[in-house]
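Quick notes on the structure that follows.
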Amino acid sequence: MKIIDMHCDTISRIYQEREQDKEANLRENMFQADLMKMKSADYLMQNFALFIDLSETQNPYETFHGQLAVFREEIQKNSDLILPVTDFTDILANEKQGKMSALLTLEEGEVCGGSPDRLSEIYDLGVRMMTFTWNYPNTLGFPAEPAPLTGLKNDRVPRPAALPHPNPDNGSVSLRPQKGLTSMGIEFLSEMERLGIIADVSHLSDEGIQDVCRFATRPFCASHSNAQSLCGRGRNLTDTLIQNIAEKGGVIGVNYYGPFLSDTPDEKGIFFSRAKDIVRHICHISNIGGIYCIGLGSDFDGIDDNLELENCSQMELLEHELRKCGFHTSEIEQIFYKNVLNFYRELL
């Protein structure tokens, strides 16, 4: 069964390894995602995020270009397996050639430094999806969970203590600061839509996502987010936001990270990611927003290794669990790739 994954950090992982003078490549590696694993699992397309941690760079724009160079080099070296896409027809052409597709995304809008000209530049460089922020406030908006000053990607650190913001959907605790998009963030949303850069609300605060719902004129996505009703992490989406994204024609890529799947660690204190828990979130999102708003957003190579789906070659485990829960083949195809493909058909 074909697969489209809306978010992985593999390019950034390769960049970080090379910054430490270690060898790393996209074709075959010991990470959670590489091209050979993707090919064996019948991937149609992978979104490759350029992830910028503002606490680890003095110049986000320069770091972006460093990671962009890695992406271009690796895609060019592996053109026998995968080709880049900048519009929907590229996906179809690549599939016809028997090749996978690579969509370039940006995880941290501060790379633009508040400049619409720089936003236009990153579009010209091939970026087709962007988060407004990661885990730090910036010129565009406020994050769901401010990152502790650890120097680590927040998706890899233990769950922080909850802040006392009640979730109106179910009375549970929300970790989200109640701040939204800035005026510049609203301007950027309009310019992103004009250019053709898909707005990605993963990592954005509740009020920020509400602002996107209010001002967006085109569908948008949450590329790697789960359901807060099932796991109270502030990075997850309330039922109201799930419904709002679905009503806007958007898609939500379900994240495989253990602390975003369950509130309860195992006896060793580990938040282990199990396929059945991923399916719990898929079921819930389907019940709230409908089957057509669900996709996959693994967050591979941006999360820890406490995974039943150890890497991208093991997607049959998720398919098996979906079938156990009563999903039919046509529904699994919608979740695995068709919903996101139709989303791109409209927006790319």
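We name chains A, B, ... following the order of the structure tokens; residues begin at 1 in each chain, and ligands are numbered from 1 as shown.
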Near A:Gly289, counting only C-alpha atoms, which residues have an atom at most 9 Å away, once you skip same-chain residues fewer than 3 positions from it, shown as a ChimeraX atom specification? /A:239,242-247,284-286,292-294
Residues from the last selection, all heavy atoms, saved as a compact mmCIF listing (two decimals), in the first residue's frame:
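Listing of part_37.txt after writing:
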```txt
# COMPACT_ATOMS: atom_id res chain seq x y z
N ASP A 239 -10.38 18.82 20.34
CA ASP A 239 -11.42 18.36 19.42
C ASP A 239 -11.97 19.50 18.57
O ASP A 239 -12.25 19.31 17.38
CB ASP A 239 -12.56 17.71 20.21
CG ASP A 239 -12.17 16.37 20.83
OD1 ASP A 239 -11.07 15.88 20.53
OD2 ASP A 239 -12.98 15.83 21.61
N ILE A 242 -9.48 20.11 15.79
CA ILE A 242 -9.56 19.03 14.80
C ILE A 242 -10.75 19.28 13.86
O ILE A 242 -10.62 19.20 12.63
CB ILE A 242 -9.71 17.66 15.49
CG1 ILE A 242 -8.41 17.27 16.21
CG2 ILE A 242 -10.09 16.57 14.47
CD1 ILE A 242 -8.55 16.07 17.11
N GLN A 243 -11.88 19.60 14.46
CA GLN A 243 -13.09 19.85 13.66
C GLN A 243 -12.90 21.07 12.76
O GLN A 243 -13.28 21.05 11.58
CB GLN A 243 -14.28 20.06 14.59
CG GLN A 243 -15.62 20.17 13.87
CD GLN A 243 -16.78 20.19 14.85
OE1 GLN A 243 -16.62 20.46 16.02
NE2 GLN A 243 -17.97 19.88 14.35
N ASN A 244 -12.28 22.12 13.30
CA ASN A 244 -12.08 23.35 12.51
C ASN A 244 -11.15 23.10 11.32
O ASN A 244 -11.40 23.60 10.21
CB ASN A 244 -11.51 24.45 13.39
CG ASN A 244 -12.52 24.98 14.39
OD1 ASN A 244 -13.71 24.73 14.28
ND2 ASN A 244 -12.03 25.69 15.40
N ILE A 245 -10.07 22.36 11.55
CA ILE A 245 -9.13 22.06 10.46
C ILE A 245 -9.83 21.24 9.39
O ILE A 245 -9.68 21.50 8.18
CB ILE A 245 -7.89 21.32 11.01
CG1 ILE A 245 -7.06 22.26 11.90
CG2 ILE A 245 -7.02 20.77 9.87
CD1 ILE A 245 -5.96 21.56 12.69
N ALA A 246 -10.61 20.24 9.82
CA ALA A 246 -11.34 19.41 8.86
C ALA A 246 -12.33 20.24 8.06
O ALA A 246 -12.46 20.07 6.84
CB ALA A 246 -12.04 18.28 9.60
N GLU A 247 -13.05 21.14 8.74
CA GLU A 247 -14.05 21.96 8.05
C GLU A 247 -13.41 22.89 7.03
O GLU A 247 -14.04 23.27 6.04
CB GLU A 247 -14.84 22.77 9.08
CG GLU A 247 -15.81 21.92 9.90
CD GLU A 247 -16.45 22.69 11.04
OE1 GLU A 247 -16.03 23.84 11.30
OE2 GLU A 247 -17.39 22.14 11.65
N HIS A 284 -9.96 8.49 16.83
CA HIS A 284 -10.56 9.67 17.45
C HIS A 284 -10.67 10.82 16.46
O HIS A 284 -11.73 11.47 16.37
CB HIS A 284 -9.74 10.10 18.67
CG HIS A 284 -10.33 11.25 19.41
ND1 HIS A 284 -11.34 11.08 20.34
CD2 HIS A 284 -10.11 12.59 19.33
CE1 HIS A 284 -11.69 12.27 20.81
NE2 HIS A 284 -10.96 13.20 20.22
N ILE A 285 -9.60 11.07 15.72
CA ILE A 285 -9.63 12.16 14.74
C ILE A 285 -10.68 11.88 13.67
O ILE A 285 -11.40 12.79 13.24
CB ILE A 285 -8.23 12.35 14.12
CG1 ILE A 285 -7.26 12.88 15.20
CG2 ILE A 285 -8.28 13.32 12.94
CD1 ILE A 285 -5.81 12.88 14.78
N SER A 286 -10.82 10.62 13.29
CA SER A 286 -11.83 10.24 12.32
C SER A 286 -13.23 10.50 12.86
O SER A 286 -14.11 11.00 12.14
CB SER A 286 -11.68 8.76 11.96
OG SER A 286 -12.72 8.32 11.10
N TYR A 292 -11.64 11.79 6.01
CA TYR A 292 -10.88 12.47 4.95
C TYR A 292 -9.90 13.52 5.47
O TYR A 292 -9.17 14.12 4.68
CB TYR A 292 -11.84 13.10 3.94
CG TYR A 292 -12.68 12.08 3.23
CD1 TYR A 292 -14.04 11.96 3.52
CD2 TYR A 292 -12.12 11.21 2.30
CE1 TYR A 292 -14.82 10.99 2.90
CE2 TYR A 292 -12.89 10.25 1.66
CZ TYR A 292 -14.23 10.15 1.97
OH TYR A 292 -14.99 9.19 1.34
N CYS A 293 -9.85 13.73 6.78
CA CYS A 293 -8.92 14.74 7.32
C CYS A 293 -7.66 14.11 7.91
O CYS A 293 -6.82 14.82 8.46
CB CYS A 293 -9.61 15.60 8.38
SG CYS A 293 -9.78 14.85 10.01
N ILE A 294 -7.49 12.81 7.77
CA ILE A 294 -6.39 12.12 8.45
C ILE A 294 -5.30 11.73 7.46
O ILE A 294 -5.56 11.22 6.37
CB ILE A 294 -6.88 10.83 9.14
CG1 ILE A 294 -8.07 11.12 10.03
CG2 ILE A 294 -5.75 10.20 9.97
CD1 ILE A 294 -8.78 9.87 10.48
```
Stretch 301-304 of chain A surroundings by only C-alpha atoms, 7 Å radius, close-in-sequence under 6 positions cut, as a PyMOL selection string: chain A and resi 8-10+13+31-33+155-156+257
Env of A:Arg214: 10 Å cut, atoms = only C-alpha atoms, seq-sep filter 3 positions within chain, self excluded. Answer as a list in words. Ile186, Gly208, Ile209, Gln210, Asp211, Thr217, Asn244 and Lys248 of chain A
Determine the nearest neighbour of A:Asn59 from the options A:Glu110, A:Glu321, A:Asp305, A:Glu331, counting only C-alpha atoms.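 For A:Asn59, the nearest of the candidates is A:Glu110.
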Would you return as a ChimeraX atom specification the members of stretch 16-184 of chain A that DSSP assigns to strand (DSSP E) on this structure's backbone? /A:43-51,82-85,100-107,127-131,165-166,173-174
Selection: 10 Å around stretch 199-205 of chain A, only C-alpha atoms, excl. self and same-chain fewer than 5 positions, as number ranges by chain: A: 105-108, 128-137, 141-146, 175-181, 188-190, 192-193, 210-213, 216, 218-226, 234-237, 245, 250-253
Sel. of helix (DSSP H, G or I) residues, stretch 221-342 of chain A, as JSON, numbers by chain: {"A": [239, 240, 241, 242, 243, 244, 245, 246, 247, 258, 259, 260, 275, 276, 277, 278, 279, 280, 281, 282, 283, 284, 285, 286, 287, 288, 289, 291, 292, 293, 312, 313, 314, 316, 317, 318, 319, 320, 321, 322, 323, 324, 329, 330, 331, 332, 333, 334, 335, 336, 337, 338, 339, 340, 341, 342]}
Contacts of stretch 271-277 of chain A at 9 Å (only C-alpha atoms; same-chain gap of 2+ positions) as a ChimeraX atom specification: /A:158,256-266,268-269,279-282,305-309,317-322,325
What's around A:Gly295 at 8 Å? Count only C-alpha atoms, leave out sequence neighbours fewer than 3 positions away in its own chain, and write the answer as a list in words.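 Once the nearby chain positions are removed, what remains is Ile4, Asp5, Met6, Val251, Ile252, Gly253, Val254, Gln334, Ile335, Phe336, Tyr337, Asn339 and Val340 of chain A.
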